[in-house]
$ cat input_20.txt   # compact mmCIF, C-alpha atoms
# COMPACT_ATOMS: atom_id res chain seq x y z
CA MET A 1 0.00 0.00 0.00
CA PRO A 2 1.59 3.30 -1.07
CA ASN A 3 2.27 6.00 1.52
CA ASN A 4 -0.54 8.55 1.92
CA PRO A 5 1.06 12.02 1.49
CA LEU A 6 -1.90 13.59 3.35
CA LEU A 7 -0.96 11.67 6.50
CA VAL A 8 2.61 12.90 6.25
CA PHE A 9 1.45 16.52 5.98
CA ARG A 10 -0.92 16.07 8.92
CA ASP A 11 1.87 14.65 11.06
CA GLN A 12 3.99 17.67 10.23
CA ILE A 13 1.12 20.03 11.16
CA ASN A 14 0.55 18.14 14.41
CA ASN A 15 4.21 18.58 15.31
CA ILE A 16 4.03 22.31 14.57
CA ASP A 17 0.84 22.66 16.64
CA LYS A 18 2.57 20.96 19.59
CA LYS A 19 5.45 23.38 19.25
CA ILE A 20 2.99 26.31 19.21
CA VAL A 21 1.37 25.08 22.43
CA GLN A 22 4.80 24.66 24.01
CA LEU A 23 5.79 28.19 22.96
CA LEU A 24 2.51 29.59 24.34
CA SER A 25 3.27 27.85 27.63
CA GLU A 26 6.75 29.38 27.71
CA ARG A 27 5.23 32.76 26.88
CA LYS A 28 2.79 32.46 29.79
CA THR A 29 5.68 31.67 32.15
CA LEU A 30 7.33 34.92 31.08
CA VAL A 31 4.02 36.78 31.46
CA LEU A 32 3.79 35.63 35.09
CA LYS A 33 7.34 36.85 35.75
CA ILE A 34 6.46 40.20 34.17
CA ALA A 35 3.32 40.44 36.32
CA LYS A 36 5.36 39.86 39.51
CA SER A 37 7.79 42.58 38.44
CA LYS A 38 4.94 45.03 37.71
CA ILE A 39 3.31 44.39 41.08
CA LYS A 40 6.64 44.81 42.87
CA ASN A 41 7.43 48.07 41.07
CA ASN A 42 3.83 49.35 41.13
CA GLN A 43 3.58 49.49 37.34
CA SER A 44 0.46 49.42 35.21
CA ILE A 45 -0.74 46.00 34.05
CA ARG A 46 -1.46 47.18 30.52
CA ASP A 47 0.61 49.30 28.13
CA ILE A 48 -1.68 50.03 25.18
CA GLU A 49 0.95 51.90 23.17
CA ARG A 50 3.42 49.02 23.46
CA GLU A 51 0.71 46.55 22.38
CA LYS A 52 -0.08 48.63 19.27
CA LYS A 53 3.60 48.89 18.33
CA MET A 54 4.13 45.15 18.85
CA LEU A 55 1.07 44.30 16.75
CA GLN A 56 2.23 46.56 13.91
CA GLU A 57 5.65 44.85 13.88
CA LEU A 58 4.01 41.40 13.83
CA ILE A 59 1.75 42.43 10.95
CA VAL A 60 4.78 43.51 8.92
CA LEU A 61 6.54 40.23 9.74
CA GLY A 62 3.38 38.30 8.86
CA LYS A 63 3.11 39.94 5.43
CA LYS A 64 6.71 38.97 4.70
CA ASN A 65 5.69 35.36 5.42
CA HIS A 66 2.45 35.50 3.37
CA LEU A 67 0.10 35.93 6.36
CA THR A 68 -2.68 38.54 6.23
CA ALA A 69 -2.89 41.49 8.62
CA GLU A 70 -6.39 40.36 9.69
CA TYR A 71 -5.13 36.89 10.61
CA ILE A 72 -2.17 38.22 12.63
CA THR A 73 -4.36 40.82 14.36
CA ARG A 74 -7.06 38.32 15.41
CA LEU A 75 -4.49 35.79 16.61
CA PHE A 76 -2.36 38.14 18.68
CA GLN A 77 -5.25 40.14 20.08
CA LEU A 78 -6.42 36.85 21.60
CA ILE A 79 -2.91 36.12 22.93
CA ILE A 80 -2.56 39.64 24.36
CA GLU A 81 -5.98 39.50 26.06
CA GLU A 82 -5.05 36.19 27.65
CA SER A 83 -1.79 37.70 28.92
CA VAL A 84 -3.62 40.70 30.41
CA SER A 85 -6.17 38.39 32.04
CA THR A 86 -3.37 36.31 33.57
CA GLN A 87 -1.69 39.40 35.01
CA LYS A 88 -4.98 40.75 36.41
CA LYS A 89 -5.67 37.45 38.16
CA MET A 90 -2.23 37.57 39.78
CA LEU A 91 -2.81 41.19 40.86
CA GLN A 92 -6.18 40.25 42.37
CA LYS A 93 -4.61 37.34 44.24
CA PHE A 94 -1.91 39.66 45.55
CA CYS A 95 -4.54 42.15 46.75
CA ASN A 96 -6.58 39.43 48.46
CA ASN A 97 -3.49 38.16 50.29
CA HIS A 98 -2.76 41.68 51.51
CA LYS A 99 -6.14 42.49 52.97
CA LYS A 100 -6.11 44.49 56.18
CA ASN A 101 -6.93 42.39 59.21
CA ILE A 102 -9.82 44.34 60.70
CA SER A 103 -11.90 47.45 60.20
CA ASN A 104 -14.97 49.16 61.63
CA PHE A 105 -17.99 50.25 59.57
CA SER A 106 -20.82 52.58 60.54
CA PHE A 107 -24.10 52.22 58.68
CA LEU A 108 -27.78 53.10 58.86
CA GLY A 109 -29.10 50.21 60.93
CA PRO A 110 -30.18 47.99 62.53
CA LYS A 111 -28.59 44.89 60.99
CA GLY A 112 -30.36 43.64 57.91
CA SER A 113 -30.64 47.08 56.29
CA TYR A 114 -29.30 47.52 52.77
CA SER A 115 -26.54 49.71 54.17
CA HIS A 116 -25.57 46.82 56.44
CA ILE A 117 -25.54 44.46 53.45
CA ALA A 118 -23.34 46.90 51.51
CA ALA A 119 -20.94 47.26 54.46
CA CYS A 120 -20.58 43.48 54.78
CA GLU A 121 -20.09 43.04 51.02
CA TYR A 122 -17.42 45.75 50.83
CA ALA A 123 -15.66 44.42 53.95
CA ASN A 124 -15.69 40.88 52.52
CA GLN A 125 -13.84 42.14 49.44
CA ASN A 126 -11.27 44.23 51.29
CA PHE A 127 -10.84 43.06 54.88
CA LYS A 128 -10.40 39.83 56.81
CA THR A 129 -12.59 40.91 59.73
CA CYS A 130 -15.44 43.40 59.87
CA ILE A 131 -16.93 45.14 62.93
CA THR A 132 -20.17 47.04 62.37
CA LYS A 133 -21.76 49.94 64.22
CA GLU A 134 -25.49 50.59 63.88
CA CYS A 135 -26.62 54.21 63.53
CA THR A 136 -30.09 55.74 63.49
CA THR A 137 -29.46 58.53 60.93
CA PHE A 138 -27.13 59.21 58.00
CA GLU A 139 -25.68 62.16 59.92
CA GLU A 140 -24.86 59.88 62.85
CA VAL A 141 -23.09 57.52 60.41
CA VAL A 142 -20.81 60.37 59.30
CA ILE A 143 -20.23 61.78 62.79
CA SER A 144 -19.19 58.37 64.14
CA VAL A 145 -16.28 58.31 61.68
CA GLU A 146 -15.41 61.97 62.23
CA ASN A 147 -15.20 61.21 66.00
CA ASN A 148 -12.96 58.12 65.48
CA GLU A 149 -15.70 55.74 66.63
CA SER A 150 -15.50 53.89 63.29
CA ASP A 151 -13.14 53.74 60.34
CA TYR A 152 -15.64 53.86 57.48
CA ALA A 153 -19.04 55.42 56.85
CA VAL A 154 -21.34 53.58 54.44
CA LEU A 155 -23.84 55.84 52.66
CA PRO A 156 -26.28 55.19 49.80
CA ILE A 157 -25.92 57.95 47.23
CA GLU A 158 -28.14 56.95 44.29
CA ASN A 159 -30.71 54.40 43.16
CA THR A 160 -31.79 53.47 39.64
CA CYS A 161 -35.46 53.87 40.56
CA SER A 162 -35.56 56.85 42.93
CA GLY A 163 -32.44 58.75 41.82
CA TYR A 164 -30.01 60.62 44.06
CA ILE A 165 -30.48 60.93 47.82
CA ASN A 166 -30.43 64.67 48.56
CA GLU A 167 -29.61 64.32 52.26
CA ILE A 168 -26.30 62.65 51.37
CA PHE A 169 -25.16 65.61 49.23
CA TYR A 170 -25.72 67.99 52.12
CA LEU A 171 -23.61 65.76 54.37
CA LEU A 172 -20.84 65.48 51.75
CA LYS A 173 -20.66 69.27 51.47
CA LYS A 174 -20.12 69.86 55.18
CA THR A 175 -18.08 66.81 56.26
CA ASN A 176 -14.28 66.66 56.28
CA LEU A 177 -14.32 62.96 55.32
CA PHE A 178 -13.22 61.62 51.92
CA ILE A 179 -14.76 59.08 49.55
CA ILE A 180 -12.36 56.12 49.36
CA GLY A 181 -14.53 53.47 47.69
CA GLU A 182 -17.88 52.52 46.22
CA ILE A 183 -20.01 49.42 45.89
CA SER A 184 -23.27 48.79 44.02
CA ILE A 185 -25.90 46.40 45.33
CA LEU A 186 -28.76 44.83 43.40
CA ILE A 187 -31.77 45.52 45.63
CA ASP A 188 -34.70 43.08 45.78
CA HIS A 189 -37.41 44.70 47.91
CA CYS A 190 -39.71 42.18 49.59
CA LEU A 191 -43.02 42.59 51.40
CA LEU A 192 -42.61 40.89 54.77
CA SER A 193 -44.85 39.92 57.66
CA ILE A 194 -44.76 37.71 60.75
CA GLN A 195 -46.84 35.08 58.96
CA LYS A 196 -48.30 34.26 55.56
CA VAL A 197 -51.32 36.49 54.96
CA GLU A 198 -53.33 37.74 51.98
CA LEU A 199 -52.18 41.16 50.82
CA ASN A 200 -55.66 42.72 50.99
CA LYS A 201 -55.74 41.94 54.74
CA ILE A 202 -52.69 44.07 55.47
CA LYS A 203 -53.49 47.37 57.19
CA THR A 204 -50.10 49.09 57.67
CA VAL A 205 -46.79 48.93 55.81
CA TYR A 206 -43.54 50.16 57.39
CA SER A 207 -40.26 51.13 55.70
CA HIS A 208 -37.75 53.86 54.99
CA PRO A 209 -39.04 56.49 52.49
CA GLN A 210 -36.66 55.29 49.74
CA PRO A 211 -38.21 51.78 49.28
CA PHE A 212 -41.66 53.34 49.10
CA GLN A 213 -40.44 55.54 46.21
CA GLN A 214 -38.72 52.61 44.51
CA CYS A 215 -41.82 50.39 44.82
CA SER A 216 -44.44 53.07 44.17
CA ASN A 217 -46.13 51.15 41.32
CA PHE A 218 -46.72 48.16 43.59
CA ILE A 219 -47.89 50.32 46.52
CA LYS A 220 -50.47 52.08 44.31
CA LYS A 221 -52.26 48.76 43.82
CA PHE A 222 -53.28 48.84 47.50
CA PRO A 223 -54.65 52.35 48.22
CA LYS A 224 -56.12 51.29 51.58
CA TRP A 225 -52.70 50.50 53.05
CA LYS A 226 -51.49 52.95 55.68
CA ILE A 227 -47.88 53.99 55.05
CA LYS A 228 -45.53 54.42 58.04
CA TYR A 229 -42.01 55.78 57.57
CA THR A 230 -39.13 54.37 59.61
CA LYS A 231 -35.46 55.29 59.99
CA SER A 232 -34.37 52.28 57.90
CA THR A 233 -35.73 49.10 56.30
CA ALA A 234 -34.20 47.09 59.14
CA ASP A 235 -35.96 49.31 61.67
CA ALA A 236 -39.24 48.55 59.87
CA MET A 237 -38.61 44.79 59.99
CA LYS A 238 -37.68 45.00 63.64
CA LYS A 239 -40.88 46.91 64.45
CA ILE A 240 -43.32 44.47 62.84
CA SER A 241 -41.48 41.59 64.49
CA GLN A 242 -41.98 43.24 67.88
CA TYR A 243 -45.61 44.27 67.20
CA ASN A 244 -46.42 40.64 66.29
CA ASP A 245 -49.51 41.61 64.28
CA PRO A 246 -50.09 39.83 60.92
CA ARG A 247 -51.88 42.94 59.62
CA ASN A 248 -48.53 44.77 59.66
CA ALA A 249 -45.98 44.41 56.89
CA ALA A 250 -42.58 45.88 55.98
CA LEU A 251 -40.62 46.57 52.83
CA GLY A 252 -37.20 45.06 53.37
CA SER A 253 -34.58 42.57 52.26
CA GLU A 254 -34.66 38.80 52.09
CA ILE A 255 -31.58 38.69 54.31
CA GLY A 256 -33.44 40.90 56.80
CA SER A 257 -36.38 38.48 56.79
CA LYS A 258 -34.05 35.73 58.01
CA ILE A 259 -32.57 37.96 60.73
CA TYR A 260 -35.99 38.96 62.11
CA GLY A 261 -37.83 35.70 61.44
CA LEU A 262 -40.33 37.11 58.92
CA ASN A 263 -42.22 35.57 56.02
CA ILE A 264 -41.89 36.82 52.45
CA LEU A 265 -45.30 37.71 51.02
CA SER A 266 -44.05 39.11 47.71
CA LYS A 267 -40.70 39.72 45.97
CA ASN A 268 -39.19 41.87 43.19
CA LEU A 269 -41.37 44.89 43.98
CA ALA A 270 -39.24 47.71 42.57
CA ASN A 271 -40.49 49.78 39.63
CA GLN A 272 -37.48 48.67 37.58
CA GLU A 273 -36.31 45.10 37.11
CA LYS A 274 -32.71 46.00 37.95
CA ASN A 275 -33.06 48.09 41.10
CA ILE A 276 -29.49 49.05 41.98
CA THR A 277 -28.25 51.26 44.80
CA ARG A 278 -24.73 52.67 44.73
CA PHE A 279 -23.06 53.15 48.11
CA ILE A 280 -19.96 55.22 48.87
CA LEU A 281 -17.41 54.59 51.63
CA LEU A 282 -16.01 57.54 53.59
CA ASN A 283 -12.82 57.70 55.65
CA ARG A 284 -10.98 60.41 57.58
CA ASN A 285 -8.06 60.31 55.13
CA PRO A 286 -7.97 60.33 51.32
CA ILE A 287 -6.30 57.43 49.52
CA GLU A 288 -3.85 57.40 46.62
CA VAL A 289 -5.11 55.16 43.83
CA SER A 290 -2.56 53.21 41.81
CA LYS A 291 -2.31 54.28 38.17
CA LYS A 292 -2.77 50.64 37.13
CA ILE A 293 -6.34 50.71 38.48
CA LEU A 294 -9.28 52.51 36.85
CA ALA A 295 -9.97 55.48 39.12
CA LYS A 296 -12.86 57.85 39.70
CA THR A 297 -12.58 61.38 41.09
CA THR A 298 -15.63 63.01 42.66
CA LEU A 299 -16.02 66.70 43.35
CA ILE A 300 -18.69 69.26 44.13
CA PHE A 301 -18.68 72.87 43.04
CA SER A 302 -20.87 75.95 43.04
CA THR A 303 -21.02 78.51 40.25
CA GLY A 304 -22.93 81.09 42.25
CA GLN A 305 -25.36 82.86 39.96
CA GLU A 306 -22.88 83.45 37.14
CA LEU A 307 -24.57 82.82 33.80
CA GLY A 308 -22.95 80.08 31.68
CA ALA A 309 -20.44 78.97 34.35
CA LEU A 310 -21.58 75.34 34.25
CA ALA A 311 -21.23 75.25 30.47
CA LYS A 312 -17.65 76.55 30.86
CA VAL A 313 -16.84 73.72 33.30
CA LEU A 314 -18.21 71.11 30.89
CA LEU A 315 -16.24 72.68 28.06
CA ILE A 316 -13.02 72.34 30.06
CA LEU A 317 -13.70 68.62 30.54
CA GLN A 318 -14.43 68.25 26.84
CA GLU A 319 -11.26 70.06 25.81
CA LYS A 320 -9.19 67.89 28.16
CA LYS A 321 -10.97 64.77 26.83
CA ILE A 322 -11.94 63.75 30.36
CA ILE A 323 -14.86 61.34 30.68
CA MET A 324 -17.67 62.56 32.92
CA LYS A 325 -19.63 59.68 34.48
CA LYS A 326 -22.24 61.56 36.54
CA LEU A 327 -23.49 65.12 36.85
CA THR A 328 -26.34 66.29 39.04
CA SER A 329 -27.38 69.54 40.72
CA HIS A 330 -28.93 70.18 44.13
CA THR A 331 -30.19 73.26 45.89
CA ILE A 332 -27.86 74.42 48.63
CA TYR A 333 -29.35 74.02 52.09
CA LYS A 334 -30.79 77.32 53.44
CA ASN A 335 -30.11 79.02 50.08
CA LEU A 336 -32.80 78.12 47.57
CA TRP A 337 -31.37 80.46 44.94
CA GLU A 338 -28.02 78.70 44.61
CA GLU A 339 -27.21 75.24 43.29
CA ILE A 340 -24.39 72.85 44.06
CA PHE A 341 -23.15 70.49 41.35
CA TYR A 342 -21.94 66.96 42.00
CA ILE A 343 -19.73 65.34 39.36
CA ASP A 344 -18.01 61.94 38.93
CA ILE A 345 -15.01 61.97 36.59
CA GLU A 346 -13.22 58.91 35.21
CA ALA A 347 -9.68 60.06 36.01
CA ASN A 348 -6.99 59.72 38.66
CA LEU A 349 -6.68 62.80 40.86
CA SER A 350 -2.88 62.45 40.98
CA SER A 351 -2.52 62.73 37.21
CA THR A 352 -1.11 65.96 35.74
CA LEU A 353 -4.14 66.21 33.46
CA MET A 354 -6.57 66.12 36.38
CA GLN A 355 -4.58 68.64 38.43
CA GLU A 356 -4.55 71.07 35.50
CA THR A 357 -8.28 70.57 34.97
CA ILE A 358 -9.14 71.31 38.62
CA LYS A 359 -7.08 74.51 38.55
CA LYS A 360 -9.03 75.71 35.52
CA ILE A 361 -12.37 74.83 37.14
CA GLU A 362 -11.41 76.69 40.33
CA LYS A 363 -10.91 79.90 38.35
CA ILE A 364 -14.49 79.97 37.04
CA THR A 365 -16.44 78.64 40.06
CA LYS A 366 -17.40 80.04 43.45
CA PHE A 367 -15.93 77.04 45.28
CA VAL A 368 -14.67 73.53 44.51
CA LYS A 369 -14.33 70.65 46.96
CA ILE A 370 -12.62 67.36 46.11
CA LEU A 371 -14.66 64.61 47.75
CA GLY A 372 -12.19 61.88 46.90
CA CYS A 373 -10.38 59.72 44.38
CA TYR A 374 -11.04 55.99 44.59
CA PRO A 375 -11.11 52.75 42.55
CA SER A 376 -14.00 52.69 40.11
CA GLU A 377 -16.20 49.73 40.89
CA LYS A 378 -17.60 47.82 37.89
CA ILE A 379 -19.04 44.58 39.26
CA ILE A 380 -22.52 44.62 40.78
CA PRO A 381 -22.87 41.82 43.34
CA THR A 382 -26.23 40.10 43.42
CA ILE A 383 -27.82 39.95 46.86
CA PRO A 384 -30.40 37.15 47.22

$ encode --input "input_20.txt" --output "structure tokens"
Amino acid sequence: MPNNPLLVFRDQINNIDKKIVQLLSERKTLVLKIAKSKIKNNQSIRDIEREKKMLQELIVLGKKNHLTAEYITRLFQLIIEESVSTQKKMLQKFCNNHKKNISNFSFLGPKGSYSHIAACEYANQNFKTCITKECTTFEEVVISVENNESDYAVLPIENTCSGYINEIFYLLKKTNLFIIGEISILIDHCLLSIQKVELNKIKTVYSHPQPFQQCSNFIKKFPKWKIKYTKSTADAMKKISQYNDPRNAALGSEIGSKIYGLNILSKNLANQEKNITRFILLNRNPIEVSKKILAKTTLIFSTGQELGALAKVLLILQEKKIIMKKLTSHTIYKNLWEEIFYIDIEANLSSTLMQETIKKIEKITKFVKILGCYPSEKIIPTIP
């Protein structure tokens, strides 16, 4: 039987493929060494300009060897992305192994509130041990950190259903604390009671004002319900547990229902399917964010009553090609004729570009206050 030339060619290809895999393995070993060096020297994980230059050189080499630019680009983009992913995983592992041992969090309580959930979630990501302090008002949360009773204040700042929380902006304007982090929580409001009961038999519903706003479409279906505001959702759950009356209900969390021994009558009550609340973390000292991490800088400013001042600020950001993530205005407390603007910018405060931008903004505004520079959080944890 004559030799099959196709089998010979396939054997040769198989040998080349094995060599490619071996070379990719050797490349990954070098990538890990590079990652360790970058972490040690506090260098950025990704160098976009170097990647572009390398890809251009490989395209030229590919053309000399009869390989198309598209083929080389697709292949090495995949290889580069894998290398970046490997380095990020090593950086994350390094960060997890260097968590601080213990920290104290103040939040709007009691336990089981969404602020409590956010505090625990943030602490789980950044600390080995978490101690929590329950507060009855947002102002008390801030004061407890200002007075060294806690390390971090946890405050909800905005919700996808009900928008920004005005009280928080007033506190941010007057406090000397700094934003050092953020975390977003997927909120699933539940209607809770001490036992299973038909909804039309409920007389009174307790909760913080925010859940009532976020679940307004559901609440409108039961016009006979009496609405009672509480200091927090956890306070509402605690009250109906103590009252022990099945005609009472509370808007709260599933986790809270387990803490206070309540039954879930209905779930997913928010006006929007994805009801997300973003929380900020405040500390007495600002932090310096590594340039290898995506950073966010938050500031507030007032333009007084100067016509067109806000447009000038936005023009400065546009000219500097700085990405603005959030912009909102609020009336200054005790001065209904003047507004304060809150702005989130995707930039590191320590960068020369950002420092130049702030100097320009200061020249055309009545006052500017840097609230903090902190890692920009992208992942939204799902709370059951």

$ atom_distance --input "input_20.txt" --atom1 "atom CA of A:Lys220" --atom2 "atom CA of A:Ala236"
19.5 Å

$ residues_around --input "input_20.txt" --residues "A:Glu273" --least-positions-apart "3" --cutoff "12 Å" --atoms "only C-alpha atoms" --output "JSON, numbers by chain"
{"A": [160, 161, 186, 187, 188, 189, 214, 215, 267, 268, 269, 270, 276]}

$ write_last_selection --input "input_20.txt" --atoms "C-alpha atoms" --output "compact mmCIF listing (two decimals), keeping the file's coordinate frame"
# COMPACT_ATOMS: atom_id res chain seq x y z
CA THR A 160 -31.79 53.47 39.64
CA CYS A 161 -35.46 53.87 40.56
CA LEU A 186 -28.76 44.83 43.40
CA ILE A 187 -31.77 45.52 45.63
CA ASP A 188 -34.70 43.08 45.78
CA HIS A 189 -37.41 44.70 47.91
CA GLN A 214 -38.72 52.61 44.51
CA CYS A 215 -41.82 50.39 44.82
CA LYS A 267 -40.70 39.72 45.97
CA ASN A 268 -39.19 41.87 43.19
CA LEU A 269 -41.37 44.89 43.98
CA ALA A 270 -39.24 47.71 42.57
CA ILE A 276 -29.49 49.05 41.98

$ closest_residue --input "input_20.txt" --among "A:Leu58, A:Ile72, A:Ile79, A:Ala309" --to "A:Glu339" --atoms "all atoms listed in the file"
A:Ala309

$ closest_residue --input "input_20.txt" --among "A:Asp151, A:Ser103, A:Asn200, A:Glu26" --to "A:Trp225" --atoms "all atoms listed in the file"
A:Asn200

$ closest_residue --input "input_20.txt" --among "A:Phe301, A:Tyr374, A:Phe341, A:Tyr260" --to "A:Gly112" --atoms "only C-alpha atoms"
A:Tyr260

$ residues_near_point --input "input_20.txt" --point "(-19.0, 67.8, 53.4)" --cutoff "12 Å" --atoms "all atoms listed in the file" --output "mmCIF file with C-alpha atoms, keeping the file's coordinate frame"
data_model
loop_
_atom_site.group_PDB
_atom_site.id
_atom_site.type_symbol
_atom_site.label_atom_id
_atom_site.label_comp_id
_atom_site.auth_asym_id
_atom_site.auth_seq_id
_atom_site.Cartn_x
_atom_site.Cartn_y
_atom_site.Cartn_z
ATOM 1 C CA GLU A 139 -25.680 62.160 59.920
ATOM 2 C CA VAL A 142 -20.810 60.370 59.300
ATOM 3 C CA ILE A 143 -20.230 61.780 62.790
ATOM 4 C CA GLU A 146 -15.410 61.970 62.230
ATOM 5 C CA GLU A 167 -29.610 64.320 52.260
ATOM 6 C CA ILE A 168 -26.300 62.650 51.370
ATOM 7 C CA PHE A 169 -25.160 65.610 49.230
ATOM 8 C CA TYR A 170 -25.720 67.990 52.120
ATOM 9 C CA LEU A 171 -23.610 65.760 54.370
ATOM 10 C CA LEU A 172 -20.840 65.480 51.750
ATOM 11 C CA LYS A 173 -20.660 69.270 51.470
ATOM 12 C CA LYS A 174 -20.120 69.860 55.180
ATOM 13 C CA THR A 175 -18.080 66.810 56.260
ATOM 14 C CA ASN A 176 -14.280 66.660 56.280
ATOM 15 C CA LEU A 177 -14.320 62.960 55.320
ATOM 16 C CA PHE A 178 -13.220 61.620 51.920
ATOM 17 C CA ILE A 179 -14.760 59.080 49.550
ATOM 18 C CA LEU A 282 -16.010 57.540 53.590
ATOM 19 C CA ARG A 284 -10.980 60.410 57.580
ATOM 20 C CA LEU A 299 -16.020 66.700 43.350
ATOM 21 C CA ILE A 300 -18.690 69.260 44.130
ATOM 22 C CA PHE A 301 -18.680 72.870 43.040
ATOM 23 C CA ILE A 340 -24.390 72.850 44.060
ATOM 24 C CA TYR A 342 -21.940 66.960 42.000
ATOM 25 C CA VAL A 368 -14.670 73.530 44.510
ATOM 26 C CA LYS A 369 -14.330 70.650 46.960
ATOM 27 C CA ILE A 370 -12.620 67.360 46.110
ATOM 28 C CA LEU A 371 -14.660 64.610 47.750
ATOM 29 C CA GLY A 372 -12.190 61.880 46.900
#

$ closest_residue --input "input_20.txt" --among "A:Ser290, A:Ser113, A:Ser150, A:Gln272" --to "A:Lys38" --atoms "all atoms listed in the file"
A:Ser290
